[in-house]
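Participant: Sharing a structure with you now.
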Amino acid sequence: MENLNKKTVAILATNGFEESELREPKQALENAGADVHIVSLESGEIKGWADGNWSNSYKVDKTLNEVNQKDYNALMLPGGQINPDILRKNEDAVNFVKSFFENHKPVAAICHAPWLLAEADVLKGRKVTSYDSIKTDLINAGANWVDEEVVVDSGLVTSRSPEDLPAFNAKLVEEVYEGKHEEQVA
């Protein structure tokens with residue numbers, strides 16, 4: 001397993017994230033030695049979503065107005081329908097996401113989270129996957145959408161759903177370990 005000591009990863013999320021899609025990647029990154037911060041719109045706690053209901057709360061480490069991409073080696077975006085839909089309407093969240101691409105840093109997005117990538121206008125010509133219900137949105141944003149467990153395109157990691165988490169987490173850790181990718185652009 002890659003050693004991510006001295007690597008710091010932001011997980012951008014707000015209320016309504018798919019709980020397993022935050023919890024399991026966070027754990028995989030921490031197990032590999034990374035320092036992981038949950039970044040959100042407001043301080044306090046954010047509530048997850050699991051099995052069609054509200055679930056556990058997670059402590060927010062930093063608010064969006066307290067961070068900059070310079071503070072992080074990579075960005076991870078959990079899905080769920082509510083979470084990315086709220087975040088893609090927030091200009092600061094969209095700009096935060098885009099800044100990782102502008103600086104060639106790894107970004108990982110699962111399930112509905114690629115909605116944020118479409119909003120940040122970073123998908124043109126990129127090979128990605130996602131939850132199938134947003135396939136058309138991603139194609140309309142210029143992506144080459146494929147139905148695969150995990151897709152890696154020059155530092156951009158995408159997966160379809162919680163069932164893909166083992167493959168997603170492995171590629172997430174690998175890409176964070178590899179670091180910047182010059183082909184990772186906005």
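FYI, nothing fancy with the structure tokens labels: chains A, B, ... in order, residues from 1 per chain, ligands from 1 as they appear.
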Would you pick out the contacts of stretch 4-7 of chain A at 7 Å or less, using only C-alpha atoms, so that residues sharing its chain but fewer than 4 positions from it are not included, and give the list as a PyMOL selection string?

Facilitator: chain A and resi 32-35+73+177

Participant: Need to verify the contact set: stretch 42-57 of chain A, 8 Å, only C-alpha atoms, exclusion of same-chain residues closer than 6 positions in sequence. Can you return it as a list in words?

Facilitator: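 Answer for this query is Ala13, Thr14, Asn15, Gly16, Phe17, Glu18, Glu19, Ser20, Thr63, Leu64 and Gly80 of chain A.
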
Participant: Can you list, as a PyMOL selection string, every protein, DNA or RNA residue that comes within 9 Å of A:Val67 when you count only C-alpha atoms, leaving out same-chain residues fewer than 5 positions away?

Facilitator: chain A and resi 39+62+72+96

Participant: For N, CA, C and O atoms, I'd like the residues from the last selection saved as a CSV table (one decimal), in the first residue's frame.

Facilitator:
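Writing the result to out.csv gives the following:
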chain,number,residue,atom,x,y,z
A,39,VAL,N,-14.2,19.4,4.5
A,39,VAL,CA,-14.4,20.8,4.2
A,39,VAL,C,-15.9,21.0,3.8
A,39,VAL,O,-16.4,20.2,3.0
A,62,LYS,N,-12.9,22.1,8.5
A,62,LYS,CA,-12.6,23.4,7.9
A,62,LYS,C,-13.8,23.9,7.1
A,62,LYS,O,-14.5,23.0,6.5
A,72,TYR,N,-3.8,21.5,0.2
A,72,TYR,CA,-4.1,20.1,0.0
A,72,TYR,C,-3.4,19.5,-1.2
A,72,TYR,O,-3.1,20.2,-2.2
A,96,PHE,N,-13.5,26.1,-5.8
A,96,PHE,CA,-12.5,25.3,-5.1
A,96,PHE,C,-12.2,24.0,-5.9
A,96,PHE,O,-11.1,23.6,-6.0

Participant: Residues of chain A classed as strand (DSSP E) by DSSP on the backbone are to be reported as a ChimeraX atom specification.

Facilitator: /A:8-12,17-18,35-40,45-50,53-59,62-63,74-77,107-110,127-128,144-145,150-153,156-159

Participant: May I have the residues within 10 Å of A:Ala109 as a list in words, using only C-alpha atoms and disregarding those fewer than 5 positions away in the same chain?

Facilitator: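 That gives Ile11, Glu21, Leu75, Met76, Leu77, Pro78, Gly79, Pro114, Trp115, Leu116, Leu117, Val128, Thr129, Ser130, Leu156, Val157, Thr158, Ser159, Arg160, Phe168 and Leu172 of chain A.
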
Participant: Which residues, written as a short mmCIF file (atom, residue, chain, number, x, y, z; two decimals) with all heavy atoms, in the first residue's frame, have at least one atom at most 10 Å from A:Asn103, with only C-alpha atoms counted and residues fewer than 6 positions away on the same chain left out?

Facilitator:
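Contents of the output file part-v2.cif:
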data_model
loop_
_atom_site.label_atom_id
_atom_site.label_comp_id
_atom_site.auth_asym_id
_atom_site.auth_seq_id
_atom_site.Cartn_x
_atom_site.Cartn_y
_atom_site.Cartn_z
N GLN A 69 -6.81 25.50 -2.23
CA GLN A 69 -6.25 24.27 -2.79
C GLN A 69 -4.78 24.12 -2.42
O GLN A 69 -4.27 23.01 -2.36
CB GLN A 69 -6.47 24.19 -4.30
CG GLN A 69 -5.82 25.25 -5.14
CD GLN A 69 -4.33 25.10 -5.35
OE1 GLN A 69 -3.79 24.00 -5.30
NE2 GLN A 69 -3.66 26.21 -5.57
N LYS A 70 -4.07 25.23 -2.15
CA LYS A 70 -2.65 25.17 -1.76
C LYS A 70 -2.44 24.37 -0.48
O LYS A 70 -1.35 23.87 -0.23
CB LYS A 70 -2.08 26.58 -1.58
CG LYS A 70 -2.00 27.38 -2.85
CD LYS A 70 -1.55 28.79 -2.56
CE LYS A 70 -1.69 29.64 -3.81
NZ LYS A 70 -1.64 31.05 -3.52
N ASN A 73 -3.10 18.25 -1.14
CA ASN A 73 -2.49 17.50 -2.23
C ASN A 73 -3.54 16.95 -3.19
O ASN A 73 -3.22 16.63 -4.34
CB ASN A 73 -1.65 16.34 -1.69
CG ASN A 73 -0.53 16.83 -0.80
OD1 ASN A 73 -0.65 16.83 0.42
ND2 ASN A 73 0.54 17.30 -1.41
N LYS A 180 0.80 15.32 -8.47
CA LYS A 180 0.33 16.15 -9.58
C LYS A 180 0.46 15.43 -10.91
O LYS A 180 1.37 14.64 -11.12
CB LYS A 180 1.12 17.45 -9.64
CG LYS A 180 0.81 18.42 -8.53
CD LYS A 180 1.50 19.75 -8.77
CE LYS A 180 1.09 20.76 -7.72
NZ LYS A 180 1.60 22.10 -8.04
N HIS A 181 -0.51 15.71 -11.78
CA HIS A 181 -0.54 15.19 -13.15
C HIS A 181 -0.64 16.38 -14.07
O HIS A 181 -1.65 17.10 -14.05
CB HIS A 181 -1.74 14.27 -13.35
CG HIS A 181 -1.69 12.99 -12.59
ND1 HIS A 181 -1.80 12.92 -11.23
CD2 HIS A 181 -1.53 11.72 -13.02
CE1 HIS A 181 -1.72 11.65 -10.84
NE2 HIS A 181 -1.56 10.91 -11.92
N GLU A 182 0.37 16.59 -14.89
CA GLU A 182 0.37 17.77 -15.78
C GLU A 182 -0.83 17.77 -16.72
O GLU A 182 -1.28 18.83 -17.15
CB GLU A 182 1.68 17.85 -16.56
CG GLU A 182 2.87 18.24 -15.69
CD GLU A 182 2.65 19.51 -14.87
OE1 GLU A 182 2.21 20.52 -15.43
OE2 GLU A 182 2.90 19.46 -13.64
N GLN A 184 -3.79 16.97 -15.90
CA GLN A 184 -4.98 17.32 -15.11
C GLN A 184 -5.18 18.83 -15.23
O GLN A 184 -4.50 19.60 -14.58
CB GLN A 184 -4.76 16.90 -13.65
CG GLN A 184 -5.87 17.28 -12.71
CD GLN A 184 -7.06 16.38 -12.80
OE1 GLN A 184 -7.61 16.16 -13.87
NE2 GLN A 184 -7.48 15.86 -11.69
N VAL A 185 -6.09 19.24 -16.10
CA VAL A 185 -6.27 20.66 -16.37
C VAL A 185 -7.74 21.04 -16.37
O VAL A 185 -8.60 20.20 -16.55
CB VAL A 185 -5.64 21.07 -17.73
CG1 VAL A 185 -4.13 20.92 -17.68
CG2 VAL A 185 -6.22 20.26 -18.86
N ALA A 186 -7.97 22.33 -16.16
CA ALA A 186 -9.33 22.85 -16.17
C ALA A 186 -9.74 23.19 -17.59
O ALA A 186 -8.93 23.49 -18.43
CB ALA A 186 -9.43 24.10 -15.30
#

Participant: Any chance you could list, as number ranges by chain, the residues in chain A that come up helix (DSSP H, G or I) when DSSP is run on the backbone?

Facilitator: A: 19-31, 64-66, 69-71, 82-87, 91-102, 114-119, 132-140, 162-178

Participant: Which is closest to A:Asp147 among A:Tyr131, A:Pro162, A:Ala108, A:Glu183, if we use only C-alpha atoms?

Facilitator: A:Tyr131

Participant: Just want the 8 Å neighbourhood of A:Ala74, counted on only C-alpha atoms, with same-chain residues fewer than 3 positions away dropped. Output as a PDB file with all heavy atoms, in the first residue's frame.

Facilitator:
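Once written, around-v7.pdb looks like this:
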ATOM      1  N   THR A   8      -2.047  15.727   2.448  1.00  0.00           N
ATOM      2  CA  THR A   8      -3.291  16.207   3.039  1.00  0.00           C
ATOM      3  C   THR A   8      -4.362  16.245   1.957  1.00  0.00           C
ATOM      4  O   THR A   8      -4.132  16.774   0.868  1.00  0.00           O
ATOM      5  CB  THR A   8      -3.100  17.601   3.661  1.00  0.00           C
ATOM      6  OG1 THR A   8      -2.002  17.551   4.582  1.00  0.00           O
ATOM      7  CG2 THR A   8      -4.346  18.040   4.421  1.00  0.00           C
ATOM      8  N   VAL A   9      -5.511  15.668   2.273  1.00  0.00           N
ATOM      9  CA  VAL A   9      -6.603  15.553   1.301  1.00  0.00           C
ATOM     10  C   VAL A   9      -7.851  16.233   1.853  1.00  0.00           C
ATOM     11  O   VAL A   9      -8.213  16.033   3.022  1.00  0.00           O
ATOM     12  CB  VAL A   9      -6.895  14.072   0.986  1.00  0.00           C
ATOM     13  CG1 VAL A   9      -8.044  13.950  -0.023  1.00  0.00           C
ATOM     14  CG2 VAL A   9      -5.644  13.366   0.469  1.00  0.00           C
ATOM     15  N   ALA A  10      -8.502  17.011   1.015  1.00  0.00           N
ATOM     16  CA  ALA A  10      -9.778  17.636   1.366  1.00  0.00           C
ATOM     17  C   ALA A  10     -10.913  16.758   0.860  1.00  0.00           C
ATOM     18  O   ALA A  10     -10.862  16.258  -0.268  1.00  0.00           O
ATOM     19  CB  ALA A  10      -9.882  19.018   0.734  1.00  0.00           C
ATOM     20  N   PHE A 100      -8.316  22.777  -8.155  1.00  0.00           N
ATOM     21  CA  PHE A 100      -7.496  21.559  -8.119  1.00  0.00           C
ATOM     22  C   PHE A 100      -7.080  21.158  -9.535  1.00  0.00           C
ATOM     23  O   PHE A 100      -5.959  20.709  -9.755  1.00  0.00           O
ATOM     24  CB  PHE A 100      -8.231  20.418  -7.409  1.00  0.00           C
ATOM     25  CG  PHE A 100      -8.192  20.553  -5.919  1.00  0.00           C
ATOM     26  CD1 PHE A 100      -9.091  21.363  -5.259  1.00  0.00           C
ATOM     27  CD2 PHE A 100      -7.236  19.887  -5.172  1.00  0.00           C
ATOM     28  CE1 PHE A 100      -9.047  21.517  -3.886  1.00  0.00           C
ATOM     29  CE2 PHE A 100      -7.177  20.020  -3.790  1.00  0.00           C
ATOM     30  CZ  PHE A 100      -8.087  20.845  -3.147  1.00  0.00           C
ATOM     31  N   LYS A 105      -3.803  18.820  -9.649  1.00  0.00           N
ATOM     32  CA  LYS A 105      -3.868  17.925  -8.483  1.00  0.00           C
ATOM     33  C   LYS A 105      -4.929  16.849  -8.665  1.00  0.00           C
ATOM     34  O   LYS A 105      -5.960  17.077  -9.307  1.00  0.00           O
ATOM     35  CB  LYS A 105      -4.149  18.736  -7.222  1.00  0.00           C
ATOM     36  CG  LYS A 105      -3.002  19.673  -6.875  1.00  0.00           C
ATOM     37  CD  LYS A 105      -3.272  20.438  -5.605  1.00  0.00           C
ATOM     38  CE  LYS A 105      -2.090  21.332  -5.259  1.00  0.00           C
ATOM     39  NZ  LYS A 105      -2.334  22.066  -4.006  1.00  0.00           N
ATOM     40  N   PRO A 106      -4.712  15.678  -8.068  1.00  0.00           N
ATOM     41  CA  PRO A 106      -5.698  14.601  -8.166  1.00  0.00           C
ATOM     42  C   PRO A 106      -7.062  14.997  -7.586  1.00  0.00           C
ATOM     43  O   PRO A 106      -7.130  15.669  -6.549  1.00  0.00           O
ATOM     44  CB  PRO A 106      -5.079  13.464  -7.350  1.00  0.00           C
ATOM     45  CG  PRO A 106      -3.620  13.767  -7.316  1.00  0.00           C
ATOM     46  CD  PRO A 106      -3.521  15.260  -7.333  1.00  0.00           C
ATOM     47  N   VAL A 107      -8.106  14.561  -8.279  1.00  0.00           N
ATOM     48  CA  VAL A 107      -9.485  14.761  -7.838  1.00  0.00           C
ATOM     49  C   VAL A 107     -10.207  13.430  -8.020  1.00  0.00           C
ATOM     50  O   VAL A 107     -10.048  12.775  -9.050  1.00  0.00           O
ATOM     51  CB  VAL A 107     -10.199  15.859  -8.659  1.00  0.00           C
ATOM     52  CG1 VAL A 107     -11.671  15.967  -8.260  1.00  0.00           C
ATOM     53  CG2 VAL A 107      -9.494  17.205  -8.490  1.00  0.00           C
ATOM     54  N   VAL A 176      -3.350   9.897  -5.278  1.00  0.00           N
ATOM     55  CA  VAL A 176      -2.830  10.845  -4.290  1.00  0.00           C
ATOM     56  C   VAL A 176      -1.336  10.597  -4.097  1.00  0.00           C
ATOM     57  O   VAL A 176      -0.537  11.534  -4.019  1.00  0.00           O
ATOM     58  CB  VAL A 176      -3.594  10.749  -2.951  1.00  0.00           C
ATOM     59  CG1 VAL A 176      -2.931  11.614  -1.879  1.00  0.00           C
ATOM     60  CG2 VAL A 176      -5.054  11.170  -3.138  1.00  0.00           C
ATOM     61  N   GLY A 179       0.641  12.031  -6.988  1.00  0.00           N
ATOM     62  CA  GLY A 179       0.738  13.493  -6.934  1.00  0.00           C
ATOM     63  C   GLY A 179       0.221  14.172  -8.178  1.00  0.00           C
ATOM     64  O   GLY A 179      -0.668  13.669  -8.866  1.00  0.00           O
TER      65      GLY A 179
END

Participant: Between atom CA of A:Leu165 and atom CA of A:Lys135, what is the spacing in Å?

Facilitator: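 That distance, rounded to one decimal, is 18.8 Å.
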
Participant: Select, from A:Ala120, A:Val151, A:Leu12, A:Glu102, the residue with the minimum atom-to-atom distance to A:Asn83, counting only C-alpha atoms.

Facilitator: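 Checking each candidate against A:Asn83, we get A:Leu12 as the closest.
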
Participant: Interatomic distance between atom CA of A:Ile38 and atom CA of A:Val60?

Facilitator: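 Answer for the atom CA of A:Ile38 to atom CA of A:Val60 separation: 5.2 Å.
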